[in-house]
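Novice: Before we start, here is the structure in question, set down as structure tokens.
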Amino acid sequence: MSEVGTIEPPAAADVAPPARQSVRDLVASTGIDTRLAGMIVALLVIWLGFHALSEGKFITARNLWNLSVQSTSIGIMATGMVLIIVTRNIDLSVGSLLGLLGYTMALLQTDGILSVFGVDVSLGITGSHWYTWLLALLVGGLLGALIGLIQGYIVAYVGVPAFIVTLSGFLAWRGLIFRTGGKQGQTLAPLDENFRYLGGAPERSLGETRSWIVAIVVCAGIVVSALLARRRRDRYDLAQRPMWLEASMVAGACVVVLAGVWLVAIGYDSPVSGEPVGIAYPVLILILVMLGMTYLAKRRRFGRYVYAYGGNPEAAELGGINTRRTITLTYALMGVLCAISAAIQTARLNSATTNLGVQNELDVIAAAVIGGTSFSGGIGTIPGAVLGAVVMQSLRSGMSLLNIDSPTQDIVVGIVLVTAVAVDALIRQRRRTTVIGALAAGVALAAIVIQTGRP
Amino acid sequence: MTDTIDATVPAGRAGEEPLCELRDIRVSFGGLHAVDGVSVNLYPGEVVAVVGGNGAGKSTLIHTLSGAHPADSGEIWINGQHVTIHNPRDARTHGVEIIYQKLALADNLDAAGNVFLGRELRTRTGSLDDEAMASATQKVLARLNPRFKNLKTAVKSLSGGQRQSVAIARAVHFNARILIMDEPTAALGPAETAQVRDLITQLKAEGIGIFLISHDIHDVFDLADRISVMAQGKLVGTVDKNAVTKDEVLAMIILGKRPDETTPDDIAELTS
């Protein structure tokens, strides 16, 4: 009796795994991150929830179009914050840096005078010309990179903790806004006409034809890159995904792109002209930044070193990696991304104020963390961070639709942030029942706050 | 008697050029002489064990060769040439590879990411050539550990033996001539230990010289040709494995004296 009992289970276990294994292998071969998939599900739940609560106002072309534009600034910066947090550092200065860069870019367009500490550095090229938007972006990007380099150098080579360095930056760059330009921190407006395209107003978007062209180019890119990847794998005799799986993945991605453009960008008719609005420029920029940053993170040595250092700083050092240079570069990159976000925010407001970007550092860090970036280092993805930014913006815009005031919104975002990280940590510790408990508690608490906060 | 015990040159290889020689190496931390004028050498296809108690300086000595911690003074000769090693990169250019006790793997990267860490293959555009790296990793791992399959998962989720395979693959792929193994079997089960032993035999046959750092006297006697014993930063002596007993080596480690210097009183103290 006992012998039968002991022999049978292993036999059953021997038969069962191969079948399950192959399905798991198939899923693994798609390269789809389970954490990312979970976040997409969470996002859809949030959207459906607000759609129900707002009696059908949330999932509309207009709202989703606005949501996409409002997510861009934080989303762009979050892609850089991921790499910084992956290397076990932090950047608290991004909000202030964004303010300084936005203010500088606005000065180039309005004042005719760009002075820092009373020294004129405008060289007579400021004001509104055909090249103004390019010049503003160039100067902003270079200044952002320079400031990032300085902060990164102090972190990596001098050895001051990142928290302290960027806390100092947080204070200093905000203060410097008031010493830049001759006007002691006045609001600067209006901005250059071309520059304002970066802000993403309905009347300054791509329009129908160009949006379709973008969509088709993106789809072509997906198909070509899938084919190229297959060819590379063939050359080295590596295992391939089954053709049907590859084809359906490519088709699925293209359908999502085309449907998004058709339903949201083309589906939203301009309140001014009645014509389809098309993709907003900042959204296009976000997509390009996301692609570029993903390429940097996944296919360049720099990105490989960022993750290697995050996973095991000692191993990276022993591997002969110049870890200090790598860390310095993450901050320089962050500075450039701040400049892009600063351009989007100022262009959207058509002005620059001294409080531009206040609290953005917290939103950016929150987006990266909700997107699955871990403070213990080595873990976090670029698409995850962008998705995190969209989740945050969805919460805020959904609550705004329900006329919930901004302090209550902050409470909810706080609850969601800590719940997301708790769930992530518990899943990693394989404490399944606690995961469900934490998730239920977080959602219930958020629901109570939202419900009691409704006017 | 003294000649057979003190084996600064392995038996029957007089006149041959050593693969690697560390001469009069000194390293101090503050006032402490962690390594104090130690000389050891290594011949092709030979395993030299460096043994000693905790704090004897064996890891510090070997790190001067791997570039993890450069020597304050002393010379390193490889293939009859005087070389300088300031960092791990220098060591690698001279064909020195090390497998660290803690394996020094980036847990969040896959096998290929770790094998090529710091030496990534790139395409003409400078992108990482992941396919070439995956393919090369697959080949070298197949040679070391035929059962290794999880090429795409982060090494964090691999078993101790598989992680060891990845660490060894890193050294083997780059055609190491001098391999340093720091406690290679410390974290392994019996089957995996046997695998590592087979591998060492295989590497020896290929003419690779191996410095083996180990606490395990059985490992040392099974694998090494010669044994260099260190105590308190100094070299006690280098002996031919076949000329000594395990007890004699243990006595060297504990007493810091060569067998021919040991007095009956020392032995009495040791056994009491």
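Following the order of the structure tokens, chains are lettered A, B, ..., residues in each are numbered from 1, and ligands are numbered from 1.
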Leaving out Ile147 of chain A and any residue of its chain fewer than 2 positions from it, which residues lie within 9 Å of it when counting only C-alpha atoms, given as a VMD selection string?
Specialist: chain A and resid 97 142 to 145 149 to 152 331 to 332 335
Novice: Can you spit out the residues from that selection as a CSV table (one decimal), in the first residue's frame, using N, CA and C atoms?
Specialist:
chain,number,residue,atom,x,y,z
A,97,LEU,N,15.1,71.2,-11.8
A,97,LEU,CA,15.8,71.2,-13.0
A,97,LEU,C,14.9,71.5,-14.2
A,142,LEU,N,21.4,71.0,-23.8
A,142,LEU,CA,22.9,71.0,-23.4
A,142,LEU,C,23.0,71.4,-21.9
A,143,LEU,N,22.2,72.4,-21.5
A,143,LEU,CA,22.3,72.9,-20.1
A,143,LEU,C,21.8,71.7,-19.2
A,144,GLY,N,20.8,71.0,-19.6
A,144,GLY,CA,20.3,69.9,-18.8
A,144,GLY,C,21.4,68.8,-18.7
A,145,ALA,N,22.0,68.5,-19.8
A,145,ALA,CA,23.1,67.5,-19.8
A,145,ALA,C,24.2,67.9,-18.9
A,149,LEU,N,25.5,66.1,-15.7
A,149,LEU,CA,26.9,65.7,-15.6
A,149,LEU,C,27.5,66.1,-14.3
A,150,ILE,N,27.2,67.3,-13.9
A,150,ILE,CA,27.8,67.8,-12.6
A,150,ILE,C,27.3,67.0,-11.4
A,151,GLN,N,26.0,66.8,-11.4
A,151,GLN,CA,25.4,66.1,-10.3
A,151,GLN,C,25.9,64.6,-10.3
A,152,GLY,N,25.9,64.0,-11.5
A,152,GLY,CA,26.4,62.6,-11.6
A,152,GLY,C,27.8,62.5,-11.2
A,331,TYR,N,22.9,60.4,-15.0
A,331,TYR,CA,22.4,61.7,-14.6
A,331,TYR,C,22.4,62.7,-15.8
A,332,ALA,N,23.4,62.6,-16.7
A,332,ALA,CA,23.4,63.5,-17.8
A,332,ALA,C,22.2,63.2,-18.7
A,335,GLY,N,19.2,64.7,-17.3
A,335,GLY,CA,19.1,66.2,-17.6
A,335,GLY,C,18.5,66.5,-18.9
Novice: Hey, which bits of chain B sit within 10 Å of chain A, and for each residue what's the closest pair of atoms and how far apart in Å (one decimal), counting only C-alpha atoms, rows by chain and increasing number, as JSON lines?
Specialist:
{"residue": "B:Ser66", "atom": "CA", "partner": "A:Leu318", "partner_atom": "CA", "distance": 9.2}
{"residue": "B:Gly67", "atom": "CA", "partner": "A:Leu318", "partner_atom": "CA", "distance": 8.5}
{"residue": "B:Ala68", "atom": "CA", "partner": "A:Leu318", "partner_atom": "CA", "distance": 6.7}
{"residue": "B:Asn87", "atom": "CA", "partner": "A:Gly320", "partner_atom": "CA", "distance": 7.3}
{"residue": "B:Pro88", "atom": "CA", "partner": "A:Gly320", "partner_atom": "CA", "distance": 5.6}
{"residue": "B:Arg89", "atom": "CA", "partner": "A:Gly320", "partner_atom": "CA", "distance": 5.4}
{"residue": "B:Asp90", "atom": "CA", "partner": "A:Gly320", "partner_atom": "CA", "distance": 9.0}
{"residue": "B:Ala91", "atom": "CA", "partner": "A:Gly320", "partner_atom": "CA", "distance": 9.9}
{"residue": "B:Arg92", "atom": "CA", "partner": "A:Gly320", "partner_atom": "CA", "distance": 9.3}
{"residue": "B:Ile98", "atom": "CA", "partner": "A:Leu318", "partner_atom": "CA", "distance": 9.6}
{"residue": "B:Tyr100", "atom": "CA", "partner": "A:Leu318", "partner_atom": "CA", "distance": 9.5}
{"residue": "B:Lys102", "atom": "CA", "partner": "A:Ala315", "partner_atom": "CA", "distance": 9.3}
{"residue": "B:Leu103", "atom": "CA", "partner": "A:Ala315", "partner_atom": "CA", "distance": 8.2}
{"residue": "B:Ala104", "atom": "CA", "partner": "A:Ala315", "partner_atom": "CA", "distance": 4.4}
{"residue": "B:Leu105", "atom": "CA", "partner": "A:Ala315", "partner_atom": "CA", "distance": 5.6}
{"residue": "B:Ala106", "atom": "CA", "partner": "A:Asn312", "partner_atom": "CA", "distance": 4.9}
{"residue": "B:Asp107", "atom": "CA", "partner": "A:Gly311", "partner_atom": "CA", "distance": 5.6}
{"residue": "B:Asn108", "atom": "CA", "partner": "A:Gly311", "partner_atom": "CA", "distance": 5.4}
{"residue": "B:Leu109", "atom": "CA", "partner": "A:Ala308", "partner_atom": "CA", "distance": 6.8}
{"residue": "B:Gly113", "atom": "CA", "partner": "A:Arg304", "partner_atom": "CA", "distance": 7.9}
{"residue": "B:Asn114", "atom": "CA", "partner": "A:Ala308", "partner_atom": "CA", "distance": 8.4}
{"residue": "B:Val115", "atom": "CA", "partner": "A:Gly319", "partner_atom": "CA", "distance": 9.7}
{"residue": "B:Phe116", "atom": "CA", "partner": "A:Gly319", "partner_atom": "CA", "distance": 8.8}
{"residue": "B:Leu117", "atom": "CA", "partner": "A:Gly319", "partner_atom": "CA", "distance": 5.9}
{"residue": "B:Gly118", "atom": "CA", "partner": "A:Gly319", "partner_atom": "CA", "distance": 5.2}
{"residue": "B:Arg119", "atom": "CA", "partner": "A:Gly319", "partner_atom": "CA", "distance": 8.1}
{"residue": "B:Glu120", "atom": "CA", "partner": "A:Arg301", "partner_atom": "CA", "distance": 7.2}
{"residue": "B:Leu121", "atom": "CA", "partner": "A:Arg301", "partner_atom": "CA", "distance": 9.3}
{"residue": "B:Arg122", "atom": "CA", "partner": "A:Arg301", "partner_atom": "CA", "distance": 8.6}
{"residue": "B:Thr125", "atom": "CA", "partner": "A:Arg300", "partner_atom": "CA", "distance": 10.0}
{"residue": "B:Gly126", "atom": "CA", "partner": "A:Arg300", "partner_atom": "CA", "distance": 7.3}
{"residue": "B:Ser127", "atom": "CA", "partner": "A:Arg300", "partner_atom": "CA", "distance": 5.1}
{"residue": "B:Leu128", "atom": "CA", "partner": "A:Arg299", "partner_atom": "CA", "distance": 5.0}
{"residue": "B:Asp129", "atom": "CA", "partner": "A:Arg299", "partner_atom": "CA", "distance": 7.8}
{"residue": "B:Asp130", "atom": "CA", "partner": "A:Arg299", "partner_atom": "CA", "distance": 7.8}
{"residue": "B:Glu131", "atom": "CA", "partner": "A:Arg233", "partner_atom": "CA", "distance": 6.0}
{"residue": "B:Ala132", "atom": "CA", "partner": "A:Tyr236", "partner_atom": "CA", "distance": 6.5}
{"residue": "B:Met133", "atom": "CA", "partner": "A:Tyr236", "partner_atom": "CA", "distance": 9.5}
{"residue": "B:Ala134", "atom": "CA", "partner": "A:Leu238", "partner_atom": "CA", "distance": 7.9}
{"residue": "B:Ser135", "atom": "CA", "partner": "A:Tyr236", "partner_atom": "CA", "distance": 6.0}
{"residue": "B:Ala136", "atom": "CA", "partner": "A:Tyr236", "partner_atom": "CA", "distance": 8.8}
{"residue": "B:Gln138", "atom": "CA", "partner": "A:Leu238", "partner_atom": "CA", "distance": 9.0}
{"residue": "B:Lys152", "atom": "CA", "partner": "A:Ala28", "partner_atom": "CA", "distance": 8.9}
{"residue": "B:Thr153", "atom": "CA", "partner": "A:Ala28", "partner_atom": "CA", "distance": 9.2}
{"residue": "B:Lys156", "atom": "CA", "partner": "A:Gly311", "partner_atom": "CA", "distance": 9.7}
Novice: Store the residues picked out above in a file with N, CA and C atoms, as a CSV table (one decimal), in the first residue's frame.
Specialist:
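Just written: out_19.csv:
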chain,number,residue,atom,x,y,z
B,66,SER,N,44.9,38.9,-10.2
B,66,SER,CA,43.6,39.1,-10.9
B,66,SER,C,43.3,40.6,-11.2
B,67,GLY,N,44.0,41.5,-10.5
B,67,GLY,CA,43.8,42.9,-10.7
B,67,GLY,C,42.8,43.5,-9.8
B,68,ALA,N,42.2,42.7,-8.9
B,68,ALA,CA,41.1,43.2,-8.0
B,68,ALA,C,41.8,44.1,-7.0
B,87,ASN,N,44.3,46.5,-12.9
B,87,ASN,CA,42.9,46.3,-12.7
B,87,ASN,C,42.5,45.0,-13.5
B,88,PRO,N,41.2,44.5,-13.3
B,88,PRO,CA,40.8,43.3,-13.9
B,88,PRO,C,41.0,43.3,-15.4
B,89,ARG,N,40.9,44.4,-16.1
B,89,ARG,CA,41.1,44.5,-17.5
B,89,ARG,C,42.5,44.1,-17.9
B,90,ASP,N,43.5,44.6,-17.2
B,90,ASP,CA,44.9,44.3,-17.4
B,90,ASP,C,45.1,42.8,-17.3
B,91,ALA,N,44.5,42.3,-16.2
B,91,ALA,CA,44.7,40.8,-16.0
B,91,ALA,C,44.2,40.0,-17.2
B,92,ARG,N,43.0,40.4,-17.7
B,92,ARG,CA,42.4,39.6,-18.8
B,92,ARG,C,43.3,39.7,-20.0
B,98,ILE,N,39.6,34.9,-13.4
B,98,ILE,CA,39.4,34.5,-12.1
B,98,ILE,C,37.9,34.1,-11.9
B,100,TYR,N,35.5,34.0,-8.8
B,100,TYR,CA,35.5,34.4,-7.4
B,100,TYR,C,34.6,33.5,-6.6
B,102,LYS,N,32.4,34.3,-4.4
B,102,LYS,CA,31.0,34.7,-4.5
B,102,LYS,C,30.5,34.7,-5.9
B,103,LEU,N,31.3,34.2,-6.8
B,103,LEU,CA,31.0,34.1,-8.2
B,103,LEU,C,30.9,35.4,-9.0
B,104,ALA,N,30.6,36.5,-8.3
B,104,ALA,CA,30.6,37.8,-9.0
B,104,ALA,C,29.7,37.8,-10.2
B,105,LEU,N,28.5,37.3,-10.1
B,105,LEU,CA,27.6,37.4,-11.2
B,105,LEU,C,26.6,38.5,-10.9
B,106,ALA,N,26.1,39.1,-12.0
B,106,ALA,CA,25.0,40.1,-11.9
B,106,ALA,C,23.7,39.2,-12.0
B,107,ASP,N,23.1,39.1,-10.8
B,107,ASP,CA,22.0,38.2,-10.7
B,107,ASP,C,20.8,38.5,-11.6
B,108,ASN,N,20.7,39.7,-12.0
B,108,ASN,CA,19.5,40.1,-12.9
B,108,ASN,C,19.7,39.9,-14.3
B,109,LEU,N,21.0,39.5,-14.7
B,109,LEU,CA,21.3,39.3,-16.2
B,109,LEU,C,21.2,37.8,-16.4
B,113,GLY,N,24.7,37.4,-20.7
B,113,GLY,CA,25.0,38.8,-20.1
B,113,GLY,C,26.1,38.7,-19.1
B,114,ASN,N,26.2,37.6,-18.4
B,114,ASN,CA,27.2,37.4,-17.4
B,114,ASN,C,28.5,36.9,-18.0
B,115,VAL,N,28.4,36.0,-18.9
B,115,VAL,CA,29.6,35.5,-19.5
B,115,VAL,C,30.4,36.6,-20.2
B,116,PHE,N,29.7,37.5,-20.9
B,116,PHE,CA,30.3,38.6,-21.6
B,116,PHE,C,30.4,39.9,-20.9
B,117,LEU,N,30.1,39.9,-19.6
B,117,LEU,CA,30.1,41.1,-18.8
B,117,LEU,C,31.4,41.9,-18.9
B,118,GLY,N,31.3,43.1,-19.4
B,118,GLY,CA,32.5,43.9,-19.6
B,118,GLY,C,33.3,43.6,-20.9
B,119,ARG,N,32.8,42.6,-21.6
B,119,ARG,CA,33.5,42.3,-22.9
B,119,ARG,C,32.5,41.9,-23.9
B,120,GLU,N,31.4,42.7,-24.0
B,120,GLU,CA,30.3,42.4,-24.8
B,120,GLU,C,30.7,42.4,-26.3
B,121,LEU,N,30.1,41.5,-27.1
B,121,LEU,CA,30.3,41.5,-28.5
B,121,LEU,C,29.3,42.5,-29.1
B,122,ARG,N,29.8,43.2,-30.1
B,122,ARG,CA,28.9,44.2,-30.7
B,122,ARG,C,28.9,44.1,-32.2
B,125,THR,N,27.3,48.5,-35.8
B,125,THR,CA,26.7,49.8,-35.4
B,125,THR,C,27.0,50.1,-33.9
B,126,GLY,N,27.7,49.1,-33.3
B,126,GLY,CA,28.0,49.3,-31.8
B,126,GLY,C,26.9,48.8,-30.9
B,127,SER,N,25.8,48.2,-31.5
B,127,SER,CA,24.8,47.6,-30.7
B,127,SER,C,25.3,46.3,-30.1
B,128,LEU,N,24.7,45.9,-29.0
B,128,LEU,CA,25.1,44.6,-28.4
B,128,LEU,C,24.6,43.5,-29.4
B,129,ASP,N,25.5,42.6,-29.7
B,129,ASP,CA,25.2,41.5,-30.5
B,129,ASP,C,24.7,40.3,-29.7
B,130,ASP,N,23.4,40.4,-29.2
B,130,ASP,CA,22.9,39.4,-28.2
B,130,ASP,C,22.9,38.0,-28.8
B,131,GLU,N,22.6,38.0,-30.1
B,131,GLU,CA,22.5,36.6,-30.8
B,131,GLU,C,23.8,36.0,-30.8
B,132,ALA,N,24.9,36.7,-31.1
B,132,ALA,CA,26.2,36.1,-31.2
B,132,ALA,C,26.6,35.7,-29.8
B,133,MET,N,26.3,36.5,-28.8
B,133,MET,CA,26.7,36.2,-27.4
B,133,MET,C,25.9,35.0,-26.9
B,134,ALA,N,24.6,34.9,-27.2
B,134,ALA,CA,23.8,33.8,-26.8
B,134,ALA,C,24.3,32.5,-27.4
B,135,SER,N,24.7,32.6,-28.7
B,135,SER,CA,25.1,31.4,-29.4
B,135,SER,C,26.5,30.9,-28.8
B,136,ALA,N,27.4,31.8,-28.6
B,136,ALA,CA,28.7,31.5,-28.0
B,136,ALA,C,28.5,30.9,-26.6
B,138,GLN,N,25.8,29.4,-25.4
B,138,GLN,CA,25.2,28.1,-25.6
B,138,GLN,C,26.3,27.0,-25.8
B,152,LYS,N,18.0,31.9,-21.1
B,152,LYS,CA,17.3,33.2,-21.1
B,152,LYS,C,16.9,33.8,-19.8
B,153,THR,N,17.0,32.9,-18.7
B,153,THR,CA,16.5,33.4,-17.5
B,153,THR,C,17.6,34.1,-16.7
B,156,LYS,N,19.9,34.6,-11.2
B,156,LYS,CA,19.4,34.5,-9.9
B,156,LYS,C,18.6,33.2,-9.6
Novice: In Å to one decimal, how far is atom CA of Ser168 of chain A from atom CA of Ser96 of chain A?
Specialist: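 Between these atoms lies a distance of 10.3 Å.
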Novice: Here is a test: counting only C-alpha atoms, which residue of B:Val83, B:Asp182, B:Val249, B:Leu19 is nearest to Met230 of chain B?
Specialist: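 Of B:Val83, B:Asp182, B:Val249, B:Leu19, the one nearest Met230 of chain B is B:Val249, counting only C-alpha atoms.
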Novice: DSSP on the backbone, then: every residue of segment 12-133 of chain B marked strand (DSSP E), written as JSON, numbers by chain.
Specialist: {"B": [20, 21, 22, 23, 24, 25, 26, 27, 28, 29, 32, 33, 34, 35, 36, 37, 38, 39, 40, 41, 42, 47, 48, 49, 50, 51, 73, 74, 75, 76, 77, 78, 81, 82, 83, 96, 97, 98, 99]}
Novice: Which polymer residues have any atom within 12 Å of an atom of Asp410 of chain A, counting only C-alpha atoms, with same-chain residues fewer than 4 positions away left out, as a ChimeraX atom specification?
Specialist: /A:359,362-363,366,392-393,395-396,399-400,404-406,414-417,446,449-450,453
Novice: Residues of segment 27-168 of chain B classed as alpha helix (DSSP H) by DSSP on the backbone are to be reported as an mmCIF file with C-alpha atoms, in the first residue's frame.
Specialist:
data_model
loop_
_atom_site.group_PDB
_atom_site.id
_atom_site.type_symbol
_atom_site.label_atom_id
_atom_site.label_comp_id
_atom_site.auth_asym_id
_atom_site.auth_seq_id
_atom_site.Cartn_x
_atom_site.Cartn_y
_atom_site.Cartn_z
ATOM 1 C CA LYS B 58 46.009 33.884 0.185
ATOM 2 C CA SER B 59 43.114 35.789 -1.368
ATOM 3 C CA THR B 60 44.998 39.083 -1.176
ATOM 4 C CA LEU B 61 48.000 37.482 -2.881
ATOM 5 C CA ILE B 62 45.929 36.084 -5.692
ATOM 6 C CA HIS B 63 44.025 39.351 -6.135
ATOM 7 C CA THR B 64 47.284 41.043 -7.098
ATOM 8 C CA LEU B 65 47.298 38.718 -10.098
ATOM 9 C CA SER B 66 43.596 39.129 -10.936
ATOM 10 C CA PRO B 88 40.826 43.275 -13.910
ATOM 11 C CA ARG B 89 41.069 44.476 -17.518
ATOM 12 C CA ASP B 90 44.892 44.311 -17.441
ATOM 13 C CA ALA B 91 44.737 40.823 -16.006
ATOM 14 C CA ARG B 92 42.429 39.645 -18.780
ATOM 15 C CA THR B 93 44.653 41.000 -21.526
ATOM 16 C CA ALA B 111 23.884 33.624 -18.680
ATOM 17 C CA ALA B 112 25.142 35.361 -21.812
ATOM 18 C CA GLY B 113 24.981 38.757 -20.122
ATOM 19 C CA ASN B 114 27.230 37.431 -17.372
ATOM 20 C CA VAL B 115 29.634 35.462 -19.548
ATOM 21 C CA ASP B 130 22.906 39.449 -28.245
ATOM 22 C CA GLU B 131 22.451 36.645 -30.751
ATOM 23 C CA ALA B 132 26.197 36.100 -31.168
ATOM 24 C CA MET B 133 26.671 36.185 -27.392
ATOM 25 C CA ALA B 134 23.767 33.779 -26.799
ATOM 26 C CA SER B 135 25.140 31.392 -29.393
ATOM 27 C CA ALA B 136 28.681 31.453 -27.994
ATOM 28 C CA THR B 137 27.349 31.013 -24.463
ATOM 29 C CA GLN B 138 25.240 28.073 -25.564
ATOM 30 C CA LYS B 139 28.322 26.414 -27.051
ATOM 31 C CA VAL B 140 30.643 26.925 -24.106
ATOM 32 C CA LEU B 141 27.992 25.888 -21.583
ATOM 33 C CA ALA B 142 27.181 22.766 -23.575
ATOM 34 C CA ARG B 143 30.821 21.799 -23.172
ATOM 35 C CA LEU B 144 30.853 22.451 -19.423
ATOM 36 C CA GLY B 160 24.409 26.712 -7.375
ATOM 37 C CA GLY B 161 26.016 24.366 -9.877
ATOM 38 C CA GLN B 162 24.520 26.166 -12.841
ATOM 39 C CA ARG B 163 25.720 29.488 -11.501
ATOM 40 C CA GLN B 164 29.167 27.973 -11.110
ATOM 41 C CA SER B 165 28.977 26.805 -14.718
ATOM 42 C CA VAL B 166 28.232 30.353 -15.835
ATOM 43 C CA ALA B 167 31.173 31.694 -13.841
ATOM 44 C CA ILE B 168 33.516 29.081 -15.288
#
